[in-house]
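Below: input11.cif (mmCIF, C-alpha atoms)
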```cif
data_data
#
loop_
_atom_site.label_atom_id
_atom_site.label_comp_id
_atom_site.auth_asym_id
_atom_site.auth_seq_id
_atom_site.Cartn_x
_atom_site.Cartn_y
_atom_site.Cartn_z
CA MET A 941 -68.80 161.18 -18.03
CA SER A 942 -72.38 162.19 -17.68
CA LEU A 943 -73.99 162.42 -14.29
CA THR A 944 -77.58 161.46 -14.07
CA THR A 945 -80.15 161.10 -11.38
CA HIS A 946 -80.95 157.59 -10.26
CA THR A 947 -84.21 156.22 -8.96
CA THR A 948 -83.74 153.70 -6.17
CA THR A 949 -85.88 150.64 -5.55
CA SER A 950 -87.75 152.59 -2.89
CA GLY A 951 -88.68 155.20 -5.48
CA PHE A 952 -86.35 157.86 -4.18
CA ILE A 953 -84.60 159.97 -6.80
CA LEU A 954 -80.93 160.36 -6.01
CA PRO A 955 -79.55 163.66 -7.29
CA SER A 956 -76.95 163.62 -10.05
CA ILE A 957 -74.21 164.69 -7.65
CA HIS A 958 -74.60 161.30 -5.97
CA SER A 959 -73.08 159.70 -9.05
CA ALA A 960 -70.05 162.00 -9.00
CA PRO A 961 -67.10 160.04 -7.55
CA PRO A 962 -65.53 162.96 -5.64
CA PHE A 963 -68.78 163.52 -3.75
CA PHE A 964 -67.72 160.61 -1.54
CA THR A 965 -64.43 162.19 -0.53
CA GLN A 966 -63.90 164.80 2.12
CA GLN A 967 -62.84 167.90 0.21
CA PRO A 968 -59.67 169.62 1.39
CA ASN A 969 -60.87 173.01 0.16
CA PRO A 970 -63.12 174.39 2.91
CA THR A 971 -65.46 176.19 0.50
CA THR A 972 -65.88 173.12 -1.65
CA GLN A 973 -66.31 170.99 1.44
CA SER A 974 -69.08 173.15 2.82
CA ILE A 975 -70.92 172.95 -0.50
CA ALA A 976 -70.52 169.19 -0.53
CA THR A 977 -71.67 168.93 3.09
CA ASP A 978 -74.75 171.01 2.38
CA GLN A 979 -75.54 168.68 -0.51
CA TRP A 980 -75.13 165.69 1.77
CA ILE A 981 -77.37 167.18 4.44
CA HIS A 982 -79.98 167.98 1.88
CA LEU A 983 -79.80 164.46 0.50
CA ILE A 984 -79.93 162.82 3.95
CA GLN A 985 -82.95 164.86 4.97
CA ALA A 986 -84.81 164.20 1.76
CA TYR A 987 -84.09 160.48 1.99
CA ALA A 988 -85.08 160.32 5.64
CA ARG A 989 -88.34 162.09 4.89
CA HIS A 990 -89.04 159.84 1.94
CA ASN A 991 -88.45 156.65 3.88
CA ARG A 992 -89.51 157.94 7.29
CA LEU A 993 -86.13 157.31 8.85
CA PHE A 994 -85.47 158.96 12.17
CA VAL A 995 -82.00 157.84 13.10
CA LEU A 996 -78.63 157.95 11.38
CA ARG A 997 -75.58 156.33 12.91
CA VAL A 998 -71.91 156.47 11.99
CA GLU A 999 -72.20 152.70 12.08
CA ASP A 1000 -74.44 152.87 9.01
CA ALA A 1001 -71.40 153.92 7.00
CA GLU A 1002 -69.21 151.23 8.56
CA ILE A 1003 -71.38 148.20 7.97
CA SER A 1004 -73.61 147.69 4.97
CA GLY A 1005 -77.05 146.13 5.05
CA ASN A 1006 -79.05 148.91 6.65
CA ASP A 1007 -81.67 151.47 5.69
CA TRP A 1008 -79.08 153.92 4.49
CA ASP A 1009 -77.18 151.76 1.96
CA GLU A 1010 -78.67 153.46 -1.08
CA VAL A 1011 -77.46 156.84 0.05
CA LEU A 1012 -74.19 156.16 1.83
CA ARG A 1013 -72.99 153.86 -0.93
CA ASN A 1014 -73.02 154.02 -4.67
CA GLU A 1015 -72.30 150.57 -6.07
CA ARG A 1016 -72.60 151.83 -9.63
CA ILE A 1017 -69.43 153.88 -9.29
CA ASN A 1018 -67.97 151.83 -6.45
CA ARG A 1019 -67.80 154.64 -3.92
CA LYS A 1020 -68.93 154.91 -0.33
CA LEU A 1021 -69.07 157.54 2.34
CA LEU A 1022 -66.38 156.90 4.94
CA PRO A 1023 -67.32 156.90 8.64
CA MET A 1024 -65.00 159.84 9.37
CA HIS A 1025 -66.70 161.88 6.71
CA LEU A 1026 -70.15 160.98 8.01
CA THR A 1027 -69.11 162.02 11.52
CA GLN A 1028 -68.34 165.49 10.18
CA ILE A 1029 -71.59 165.71 8.29
CA LEU A 1030 -73.50 164.73 11.43
CA ALA A 1031 -71.63 167.41 13.38
CA LYS A 1032 -72.70 170.05 10.91
CA MET A 1033 -76.28 168.78 10.97
CA VAL A 1034 -76.38 169.07 14.75
CA PHE A 1035 -74.76 172.49 14.52
CA SER A 1036 -77.39 173.74 12.09
CA ASN A 1037 -80.19 172.20 14.15
CA VAL A 1038 -81.47 169.74 11.58
CA ALA A 1039 -80.51 166.88 13.87
CA THR A 1040 -79.56 166.25 17.46
CA TYR A 1041 -77.25 163.76 19.11
CA ASP A 1042 -79.44 161.08 20.59
CA PRO A 1043 -78.69 159.87 23.16
CA PRO A 1044 -76.85 163.06 24.11
CA LYS A 1045 -73.15 163.20 24.98
CA GLN A 1046 -71.97 161.03 22.12
CA THR A 1047 -71.37 161.75 18.46
CA ARG A 1048 -72.09 158.49 16.73
CA SER A 1049 -75.84 158.63 16.43
CA VAL A 1050 -78.28 161.39 15.65
CA LEU A 1051 -82.00 161.92 15.64
CA LEU A 1052 -82.97 163.54 12.37
CA TYR A 1053 -85.19 166.58 12.33
CA TRP A 1054 -86.73 166.42 8.89
CA ARG A 1055 -89.53 167.94 10.87
CA LEU A 1056 -88.52 170.15 13.74
CA PRO A 1057 -89.86 169.31 17.22
CA ASP A 1058 -92.18 172.35 16.94
CA GLU A 1059 -93.58 170.95 13.74
CA TRP A 1060 -94.01 167.52 15.30
CA ALA A 1061 -95.86 169.17 18.17
CA GLU A 1062 -98.34 170.64 15.68
CA VAL A 1063 -98.66 167.32 13.88
CA LEU A 1064 -99.37 165.57 17.17
CA HIS A 1065 -101.93 168.12 18.21
CA SER A 1066 -103.82 168.13 14.94
CA TRP A 1067 -103.75 164.33 14.89
CA ALA A 1068 -105.40 164.27 18.32
CA VAL A 1069 -107.98 166.79 17.15
CA SER A 1070 -108.80 164.96 13.92
CA THR A 1071 -109.10 161.58 15.67
CA ALA A 1072 -111.17 163.04 18.52
CA GLN A 1073 -108.69 162.08 21.20
CA LEU A 1074 -108.50 165.39 23.01
CA ASN A 1075 -108.88 165.22 26.78
CA THR A 1076 -108.32 161.47 26.88
CA ILE A 1077 -105.21 159.91 28.28
CA LEU A 1078 -102.96 158.47 25.59
CA THR A 1079 -99.96 156.33 26.28
CA PHE A 1080 -96.86 156.92 24.20
CA TYR A 1081 -97.54 153.58 22.59
CA ASP A 1082 -101.00 154.78 21.51
CA ILE A 1083 -99.30 157.57 19.63
CA THR A 1084 -96.31 155.79 18.13
CA ASP A 1085 -98.27 152.73 17.09
CA PRO A 1086 -101.90 153.71 16.52
CA PRO A 1087 -104.40 151.23 15.04
CA VAL A 1088 -104.82 153.51 12.04
CA LYS A 1089 -101.47 154.49 10.63
CA SER A 1090 -100.71 158.16 11.16
CA GLU A 1091 -97.99 160.70 10.50
CA LEU A 1092 -96.67 159.81 13.93
CA SER A 1093 -96.40 156.07 13.43
CA GLY A 1094 -92.94 154.93 14.38
CA ILE A 1095 -91.79 158.24 15.81
CA PRO A 1096 -89.01 157.67 18.34
CA VAL A 1097 -90.04 158.28 21.92
CA SER A 1098 -87.25 160.81 22.47
CA LEU A 1099 -88.58 162.94 19.61
CA LEU A 1100 -92.18 162.47 20.75
CA ARG A 1101 -91.18 163.64 24.22
CA LYS A 1102 -89.68 166.82 22.77
CA ALA A 1103 -92.88 167.50 20.86
CA ILE A 1104 -95.03 166.91 23.95
CA ASN A 1105 -92.83 169.21 26.03
CA ILE A 1106 -93.46 171.97 23.54
CA LEU A 1107 -97.21 171.41 23.84
CA VAL A 1108 -96.93 171.36 27.63
CA LYS A 1109 -95.22 174.73 27.55
CA SER A 1110 -98.06 176.25 25.53
CA GLY A 1111 -100.66 174.68 27.82
CA ARG A 1112 -101.97 172.21 25.29
CA ALA A 1113 -100.76 169.01 26.90
CA GLN A 1114 -100.18 167.46 30.28
CA LEU A 1115 -97.79 164.61 31.06
CA ILE A 1116 -99.33 161.93 33.25
CA GLY A 1117 -97.86 158.86 34.87
CA VAL A 1118 -99.86 155.79 33.89
CA ALA A 1119 -99.58 152.18 34.97
CA ASP A 1120 -97.20 151.02 32.25
CA GLY A 1121 -95.07 154.12 31.94
CA GLU A 1122 -96.06 157.55 30.74
CA GLY A 1123 -99.07 159.08 29.14
CA VAL A 1124 -100.22 162.38 27.87
CA ARG A 1125 -103.45 164.27 27.78
CA LEU A 1126 -103.96 166.81 25.03
CA PHE A 1127 -106.19 169.85 25.27
CA SER A 1128 -107.67 172.03 22.62
CA GLY A 1129 -106.51 175.01 24.69
CA GLY A 1130 -105.32 178.10 22.94
CA ARG A 1131 -101.94 179.45 23.82
CA MET B 1378 -71.68 252.08 -60.32
CA HIS B 1379 -71.54 250.42 -57.03
CA ARG B 1380 -74.12 251.90 -54.85
CA ARG B 1381 -73.65 252.12 -51.17
CA GLY B 1382 -76.42 253.30 -49.03
CA VAL B 1383 -75.62 256.04 -46.67
CA GLY B 1384 -77.58 257.25 -43.75
CA LEU B 1385 -80.39 255.83 -41.68
CA ALA B 1386 -82.38 254.43 -44.61
CA ALA B 1387 -79.44 252.17 -45.46
CA PHE B 1388 -79.69 250.48 -42.07
CA ASP B 1389 -83.31 249.72 -42.60
CA ARG B 1390 -82.66 248.28 -46.01
CA GLN B 1391 -79.89 246.01 -44.82
CA GLU B 1392 -81.97 244.75 -41.95
CA GLN B 1393 -84.80 244.07 -44.34
CA SER B 1394 -82.67 241.93 -46.63
CA ASN B 1395 -81.15 240.03 -43.68
CA ARG B 1396 -84.63 239.21 -42.51
CA SER B 1397 -85.75 237.87 -45.84
CA PHE B 1398 -82.61 235.72 -46.15
CA ALA B 1399 -83.25 234.29 -42.73
CA GLN B 1400 -86.81 233.58 -43.69
CA LEU B 1401 -85.76 231.83 -46.84
CA SER B 1402 -83.26 229.69 -44.98
CA THR B 1403 -85.83 228.58 -42.43
CA VAL B 1404 -88.21 227.63 -45.18
CA LEU B 1405 -85.47 225.64 -46.90
CA SER B 1406 -84.34 223.78 -43.82
CA GLN B 1407 -87.96 223.17 -42.87
CA THR B 1408 -88.60 221.38 -46.16
CA GLN B 1409 -85.43 219.37 -45.63
CA VAL B 1410 -86.55 218.36 -42.18
CA ASP B 1411 -89.97 217.48 -43.49
CA GLN B 1412 -88.43 215.37 -46.16
CA LEU B 1413 -86.26 213.58 -43.68
CA HIS B 1414 -89.25 213.01 -41.46
CA SER B 1415 -91.24 211.45 -44.24
CA GLN B 1416 -88.28 209.26 -45.19
CA LEU B 1417 -87.87 208.23 -41.63
CA ASN B 1418 -91.53 207.46 -41.34
CA GLN B 1419 -91.36 205.34 -44.42
CA PHE B 1420 -88.39 203.47 -43.05
CA ARG B 1421 -90.13 203.04 -39.77
CA THR B 1422 -93.24 201.59 -41.39
CA ALA B 1423 -91.11 199.27 -43.45
CA LEU B 1424 -89.26 198.21 -40.36
CA ALA B 1425 -92.44 197.71 -38.41
CA GLY B 1426 -93.69 195.56 -41.27
CA PHE B 1427 -90.49 193.58 -41.20
CA ALA B 1428 -90.61 193.27 -37.47
CA SER B 1429 -94.17 192.05 -37.37
CA THR B 1430 -93.68 189.53 -40.15
CA HIS B 1431 -90.34 188.22 -38.94
CA ARG B 1432 -90.37 188.71 -35.21
CA GLU B 1433 -91.42 185.17 -34.53
CA SER B 1434 -88.89 183.70 -36.91
CA ILE B 1435 -86.15 185.83 -35.38
CA LYS B 1436 -87.03 184.53 -31.97
CA HIS B 1437 -87.45 180.92 -32.89
CA ASP B 1438 -85.23 180.19 -35.84
CA PRO B 1439 -81.57 180.30 -34.86
CA SER B 1440 -80.23 180.44 -38.43
CA PHE B 1441 -82.60 183.24 -39.39
CA ARG B 1442 -81.59 185.11 -36.26
CA HIS B 1443 -77.96 184.68 -37.15
CA ALA B 1444 -78.50 186.03 -40.67
CA PHE B 1445 -80.49 188.97 -39.31
CA GLN B 1446 -77.80 189.86 -36.84
CA GLN B 1447 -75.14 189.70 -39.52
CA MET B 1448 -77.18 191.99 -41.71
CA CYS B 1449 -77.57 194.44 -38.85
CA SER B 1450 -73.89 194.53 -38.12
CA SER B 1451 -72.98 194.99 -41.79
CA ILE B 1452 -75.16 198.10 -42.05
CA GLY B 1453 -73.98 199.38 -38.71
CA VAL B 1454 -77.20 199.04 -36.78
CA ASP B 1455 -77.36 197.66 -33.29
CA PRO B 1456 -80.63 195.78 -32.98
CA LEU B 1457 -80.22 195.82 -29.21
CA ALA B 1458 -79.87 199.57 -28.78
CA GLY B 1459 -82.69 200.69 -26.55
CA PRO B 1460 -85.04 203.61 -27.23
CA ARG B 1461 -82.78 205.95 -25.36
CA LYS B 1462 -79.95 205.41 -27.77
CA GLY B 1463 -82.30 206.28 -30.58
CA GLY B 1464 -83.04 202.73 -31.57
CA TRP B 1465 -86.62 201.64 -31.82
CA TRP B 1466 -85.35 198.42 -33.33
CA ALA B 1467 -85.24 196.85 -29.97
CA GLU B 1468 -88.78 197.98 -29.19
CA MET B 1469 -90.25 196.77 -32.42
CA LEU B 1470 -88.48 193.49 -32.72
CA GLY B 1471 -88.61 192.67 -29.06
CA LEU B 1472 -85.15 191.31 -29.70
CA GLY B 1473 -83.68 193.32 -26.88
CA ASP B 1474 -85.98 191.70 -24.36
CA TRP B 1475 -85.32 188.34 -25.88
CA GLN B 1476 -81.58 188.83 -25.62
CA TYR B 1477 -81.73 190.14 -22.06
CA GLU B 1478 -83.97 187.32 -21.05
CA LEU B 1479 -81.42 184.90 -22.42
CA GLY B 1480 -78.76 186.82 -20.50
CA VAL B 1481 -80.67 186.35 -17.28
CA GLN B 1482 -81.02 182.64 -17.98
CA ILE B 1483 -77.30 182.36 -18.63
CA VAL B 1484 -76.56 184.08 -15.34
CA ASP B 1485 -79.04 181.76 -13.67
CA VAL B 1486 -77.29 178.65 -14.95
CA CYS B 1487 -73.81 180.02 -14.26
CA VAL B 1488 -74.65 181.03 -10.71
CA SER B 1489 -76.53 177.89 -9.83
CA THR B 1490 -73.72 175.67 -11.10
CA ARG B 1491 -70.91 177.85 -9.77
CA GLU B 1492 -70.79 176.05 -6.47
CA ARG B 1493 -69.85 172.79 -8.06
CA ASN B 1494 -67.76 173.94 -11.01
CA GLY B 1495 -65.91 176.86 -9.51
CA GLY B 1496 -67.38 179.30 -11.99
CA LEU B 1497 -66.23 177.63 -15.17
CA ILE B 1498 -68.67 175.91 -17.45
CA GLU B 1499 -68.27 174.34 -20.84
CA MET B 1500 -70.12 176.15 -23.61
CA SER B 1501 -72.05 173.15 -24.87
CA GLU B 1502 -73.10 172.31 -21.33
CA LEU B 1503 -74.24 175.89 -20.78
CA VAL B 1504 -76.23 175.86 -24.00
CA ARG B 1505 -77.79 172.56 -22.99
CA LEU B 1506 -78.76 173.76 -19.52
CA VAL B 1507 -80.09 177.08 -20.76
CA GLY B 1508 -82.12 175.23 -23.35
CA LYS B 1509 -83.48 173.02 -20.61
CA LEU B 1510 -84.38 176.05 -18.53
CA ARG B 1511 -86.23 177.67 -21.42
CA GLY B 1512 -88.26 174.60 -22.19
CA ILE B 1513 -89.54 173.63 -25.60
CA SER B 1514 -91.56 176.80 -26.13
CA GLY B 1515 -88.45 178.94 -25.75
CA GLY B 1516 -87.16 177.79 -29.12
CA ILE B 1517 -83.70 176.55 -29.92
CA ILE B 1518 -80.75 178.68 -28.93
CA THR B 1519 -77.24 178.43 -30.29
CA GLU B 1520 -73.75 179.07 -29.08
CA ASP B 1521 -73.83 182.26 -31.12
CA ASP B 1522 -76.81 183.58 -29.16
CA VAL B 1523 -75.11 182.78 -25.90
CA VAL B 1524 -71.93 184.59 -26.91
CA ARG B 1525 -73.98 187.61 -27.93
CA SER B 1526 -75.93 187.63 -24.70
CA ILE B 1527 -72.74 187.40 -22.70
CA LYS B 1528 -71.59 190.53 -24.51
CA THR B 1529 -74.75 192.33 -23.43
CA LEU B 1530 -73.88 191.38 -19.86
CA GLU B 1531 -70.55 193.15 -20.10
CA PRO B 1532 -71.71 196.53 -18.77
CA LEU B 1533 -72.70 194.80 -15.55
CA GLY B 1534 -69.06 194.14 -14.85
CA ALA B 1535 -69.79 190.69 -13.47
CA GLY B 1536 -66.83 189.27 -15.34
CA TYR B 1537 -68.66 186.89 -17.64
CA GLN B 1538 -66.28 185.86 -20.34
CA VAL B 1539 -65.86 183.28 -23.04
CA VAL B 1540 -62.46 181.62 -22.90
CA GLU B 1541 -60.97 178.92 -25.04
CA ILE B 1542 -59.28 176.00 -23.35
CA GLY B 1543 -57.85 173.10 -25.25
CA GLY B 1544 -59.85 174.06 -28.32
CA ARG B 1545 -63.11 174.14 -26.41
CA LYS B 1546 -65.09 177.18 -25.51
CA MET B 1547 -65.83 177.68 -21.87
CA VAL B 1548 -67.71 180.40 -20.06
CA ARG B 1549 -66.13 181.83 -16.98
CA SER B 1550 -68.42 183.56 -14.54
CA VAL B 1551 -65.87 184.56 -11.93
CA VAL B 1552 -63.01 186.95 -12.36
CA LYS B 1553 -60.12 184.58 -12.22
CA GLU B 1554 -57.11 184.23 -14.45
CA LEU B 1555 -56.15 180.75 -15.53
CA ASP B 1556 -52.46 180.04 -15.87
CA ASP B 1557 -51.02 177.82 -18.58
CA ASP B 1558 -50.80 174.76 -16.38
CA GLN B 1559 -54.40 175.05 -15.35
CA SER B 1560 -55.51 175.38 -18.93
CA ALA B 1561 -53.56 172.26 -19.78
CA VAL B 1562 -55.16 170.39 -16.88
CA LEU B 1563 -58.64 171.49 -17.95
CA ALA B 1564 -57.98 170.49 -21.54
CA ILE B 1565 -56.96 166.96 -20.57
CA ALA B 1566 -59.75 166.65 -18.04
CA GLN B 1567 -62.19 167.40 -20.81
CA GLN B 1568 -60.91 164.51 -22.87
CA GLU B 1569 -61.16 162.26 -19.85
CA GLY B 1570 -64.72 163.20 -19.00
CA GLY B 1571 -63.72 165.32 -16.06
CA ARG B 1572 -61.23 163.00 -14.35
CA ILE B 1573 -57.59 163.88 -14.01
CA ALA B 1574 -54.66 162.51 -12.00
CA GLU B 1575 -51.02 163.35 -11.48
CA ASP B 1576 -49.89 160.34 -13.49
CA ILE B 1577 -52.05 161.29 -16.45
CA LEU B 1578 -50.32 164.67 -16.59
CA VAL B 1579 -46.91 163.10 -16.22
CA GLN B 1580 -47.55 160.66 -19.05
CA ARG B 1581 -49.35 162.92 -21.46
CA ARG B 1582 -47.57 166.18 -20.84
CA GLY B 1583 -44.20 164.98 -19.69
CA TRP B 1584 -44.50 167.06 -16.56
CA ALA B 1585 -42.46 166.33 -13.48
CA GLN B 1586 -44.48 164.74 -10.70
CA GLU B 1587 -44.07 167.85 -8.54
CA ARG B 1588 -45.35 170.15 -11.22
CA ALA B 1589 -48.40 168.00 -11.79
CA ARG B 1590 -49.10 167.85 -8.07
CA ALA B 1591 -48.68 171.59 -7.64
CA ALA B 1592 -51.00 172.38 -10.54
CA LEU B 1593 -53.69 170.06 -9.24
CA GLU B 1594 -53.41 171.14 -5.64
CA ASN B 1595 -53.64 174.77 -6.67
CA MET B 1596 -56.82 173.99 -8.49
CA VAL B 1597 -58.23 172.22 -5.48
CA TYR B 1598 -57.09 174.47 -2.66
CA ARG B 1599 -56.78 177.87 -4.19
CA ASP B 1600 -59.43 178.00 -6.89
CA GLY B 1601 -61.98 175.36 -6.02
CA LEU B 1602 -61.98 174.28 -9.66
CA CYS B 1603 -61.34 170.64 -8.82
CA TRP B 1604 -62.83 168.13 -6.44
CA LEU B 1605 -60.67 165.44 -4.88
CA ASP B 1606 -61.54 161.75 -5.10
CA ASP B 1607 -59.45 159.52 -2.85
CA GLN B 1608 -61.28 156.31 -3.72
CA ASP B 1609 -60.07 156.07 -7.30
CA GLU B 1610 -59.44 152.44 -8.28
CA GLN B 1611 -56.62 153.21 -10.68
CA TYR B 1612 -54.68 156.09 -9.22
CA GLY B 1613 -55.89 156.11 -5.64
CA ARG B 1614 -56.07 159.86 -5.74
CA ALA B 1615 -57.85 161.43 -8.65
CA TYR B 1616 -59.18 164.89 -9.27
CA TRP B 1617 -62.41 165.82 -10.95
CA VAL B 1618 -63.12 169.00 -12.82
CA PRO B 1619 -66.84 169.59 -12.42
CA SER B 1620 -66.96 172.03 -15.31
CA ALA B 1621 -65.88 169.23 -17.62
CA MET B 1622 -68.52 166.81 -16.35
CA GLN B 1623 -71.97 166.66 -17.82
CA TRP B 1624 -74.59 167.27 -15.17
CA ASP B 1625 -78.17 166.31 -15.20
CA LEU B 1626 -79.71 169.03 -13.09
#
```
As a first step, turn the structure in this file into structure tokens.
Amino acid sequence: MSLTTHTTTSGFILPSIHSAPPFFTQQPNPTTQSIATDQWIHLIQAYARHNRLFVLRVEDAEISGNDWDEVLRNERINRKLLPMHLTQILAKMVFSNVATYDPPKQTRSVLLYWRLPDEWAEVLHSWAVSTAQLNTILTFYDITDPPVKSELSGIPVSLLRKAINILVKSGRAQLIGVADGEGVRLFSGGR
Amino acid sequence: MHRRGVGLAAFDRQEQSNRSFAQLSTVLSQTQVDQLHSQLNQFRTALAGFASTHRESIKHDPSFRHAFQQMCSSIGVDPLAGPRKGGWWAEMLGLGDWQYELGVQIVDVCVSTRERNGGLIEMSELVRLVGKLRGISGGIITEDDVVRSIKTLEPLGAGYQVVEIGGRKMVRSVVKELDDDQSAVLAIAQQEGGRIAEDILVQRRGWAQERARAALENMVYRDGLCWLDDQDEQYGRAYWVPSAMQWDL
């Protein structure tokens, strides 16, 4: 059989390994398994970045009809990633710090770090600079759902909070309680 | 009457004649050396002419290259011998560089696919991937070129080897011996496009179930030459030999 890449309806190019039937099975050989897992992680991150997906749940492998169908299933060869297998992949992702369990203390849902919190902190700061919103109080909603779409549109609050905390530590942000929840003020301040 | 010199004068005379003989011999060998030099120079110019007119065709035309290499081997010349071994062939033709470059590309493909095929790749697949890596400008390469390049890799001791399994050439890039059962499995997997299962071995080879299972499990667990697929519609549990699958990088 010949394995080819496949372009999904969302324009994402699935690698050729995604059309290899054994890719969807947990490999008993640890070396092979770690190669396969690395491929999965790579694929998941690339897909998340392409479609701006922030969350992956074990549930996504259990029930179809979600954002992850194109990756976790391959209808063309009638294979799918089993929930057990996904659980292991998530564990390795958390272990190698490309994801984190969110909420913490469970293992069925992760927040994906296709950008690390540090990187998000920089994105947030340069967004504030370029839109001239330094020194003004922004609510979280102002950031996650700005009138003009930005890199940060749709970012989960838990990830945004991590990014802000990093800015707070370097003296470039201040968390403020506002009427309807929380807000943040960003400064140009050097480190 | 035979005359033998006696006394001191005889010494001088003998020395004198020795000297003139020595002189004569140097003159003679000098002319021989000169002659050789001029012959060599002629040969060199001829070769340079050949190299400059045919270098491009050697690099780009696989059949011409093949003919050239056969000619070289029939006259006992190694076109790859570097300057240090006394060969300026390599320098002039640039064939050495060409061959080593191909060697590097072969290593590149073998190493980058090793993770998924366990260090065993089918020759035609290797040729295809190397060709892809070289792009159109690199010219066409043949199996013959690849085999030759693999030979040039030998001194590196990396264990690159061409093996024949089930009538097909495969390139092995890890030092690993294949036993008979494994070769049989690989041969059948190739016919099946990479897929293999216990039952296929039992039916085709007349193996006992246990033997088939042992062979396959060895390939999965011990050698990493097979990947397991437990969602197979027909057999439930099938094995895939990545080296027998055609990959689109």
_Give me the residues near Gly951 in chain A as a PyMOL selection string, where near means some atom within 10 Å (using all atoms listed in the file) and where sequence neighbours in that chain fewer than 5 positions away do not count._
chain A and resi 946+990-991
_Distance-based interface of chain B with chain A, 8 Å, counting all atoms listed in the file, as an MDAnalysis selection string_ = chainID B and resid 1492:1493 1569:1571 1597:1599 1601 1604:1608 1616:1617 1622:1626
_as a PyMOL selection string, please: the residues near Tyr1612 in chain B (cut-off 12 Å, only C-alpha atoms, same-chain neighbours under 6 positions excluded)._
chain B and resi 1572-1577+1605-1606
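With all atoms listed in the file taken into account, the protein and nucleic acid residues at most 8 Å from range 1098-1110 of chain A (excluding it and anything under 3 positions from it in its own chain) are Leu1051, Pro1057, Asp1058, Glu1059, Trp1060, Ala1061, Leu1064, Ile1095, Ala1113, Gln1114, Leu1115, Val1124, Gly1130 and Arg1131 of chain A.
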*Atomic separation - CA of Phe994 in chain A relative to CA of Ala1119 in chain A, Å*: 27.7 Å
*Could you list the residues chosen by the PyMOL selection byres ((chain A and resi 1090) around 12) in this structure as a PyMOL selection string?*
chain A and resi 992+1063-1064+1066-1068+1070-1071+1082-1089+1091-1095
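What the PyMOL selection byres ((chain A and resi 985) around 10) matches in the given file is Gln979, Trp980, Ile981, His982, Leu983, Ile984, Ala986, Tyr987, Ala988, Arg989, His990, Asn991, Arg992, Leu993, Phe994, Met1033, Val1038, Ala1039, Leu1052, Tyr1053, Trp1054 and Arg1055 of chain A.
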*Quick one: which residues end up in the PyMOL selection byres ((chain B and resi 1522) around 10) for this structure, as a VMD selection string?*
chain B and resid 1439 1442 to 1443 1446 1476 1479 to 1480 1504 1517 to 1521 1523 to 1528
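Our summary of the geometry notes that CA of Gln1028 in chain A is positioned 11.5 Å from CA of Asp978 in chain A.
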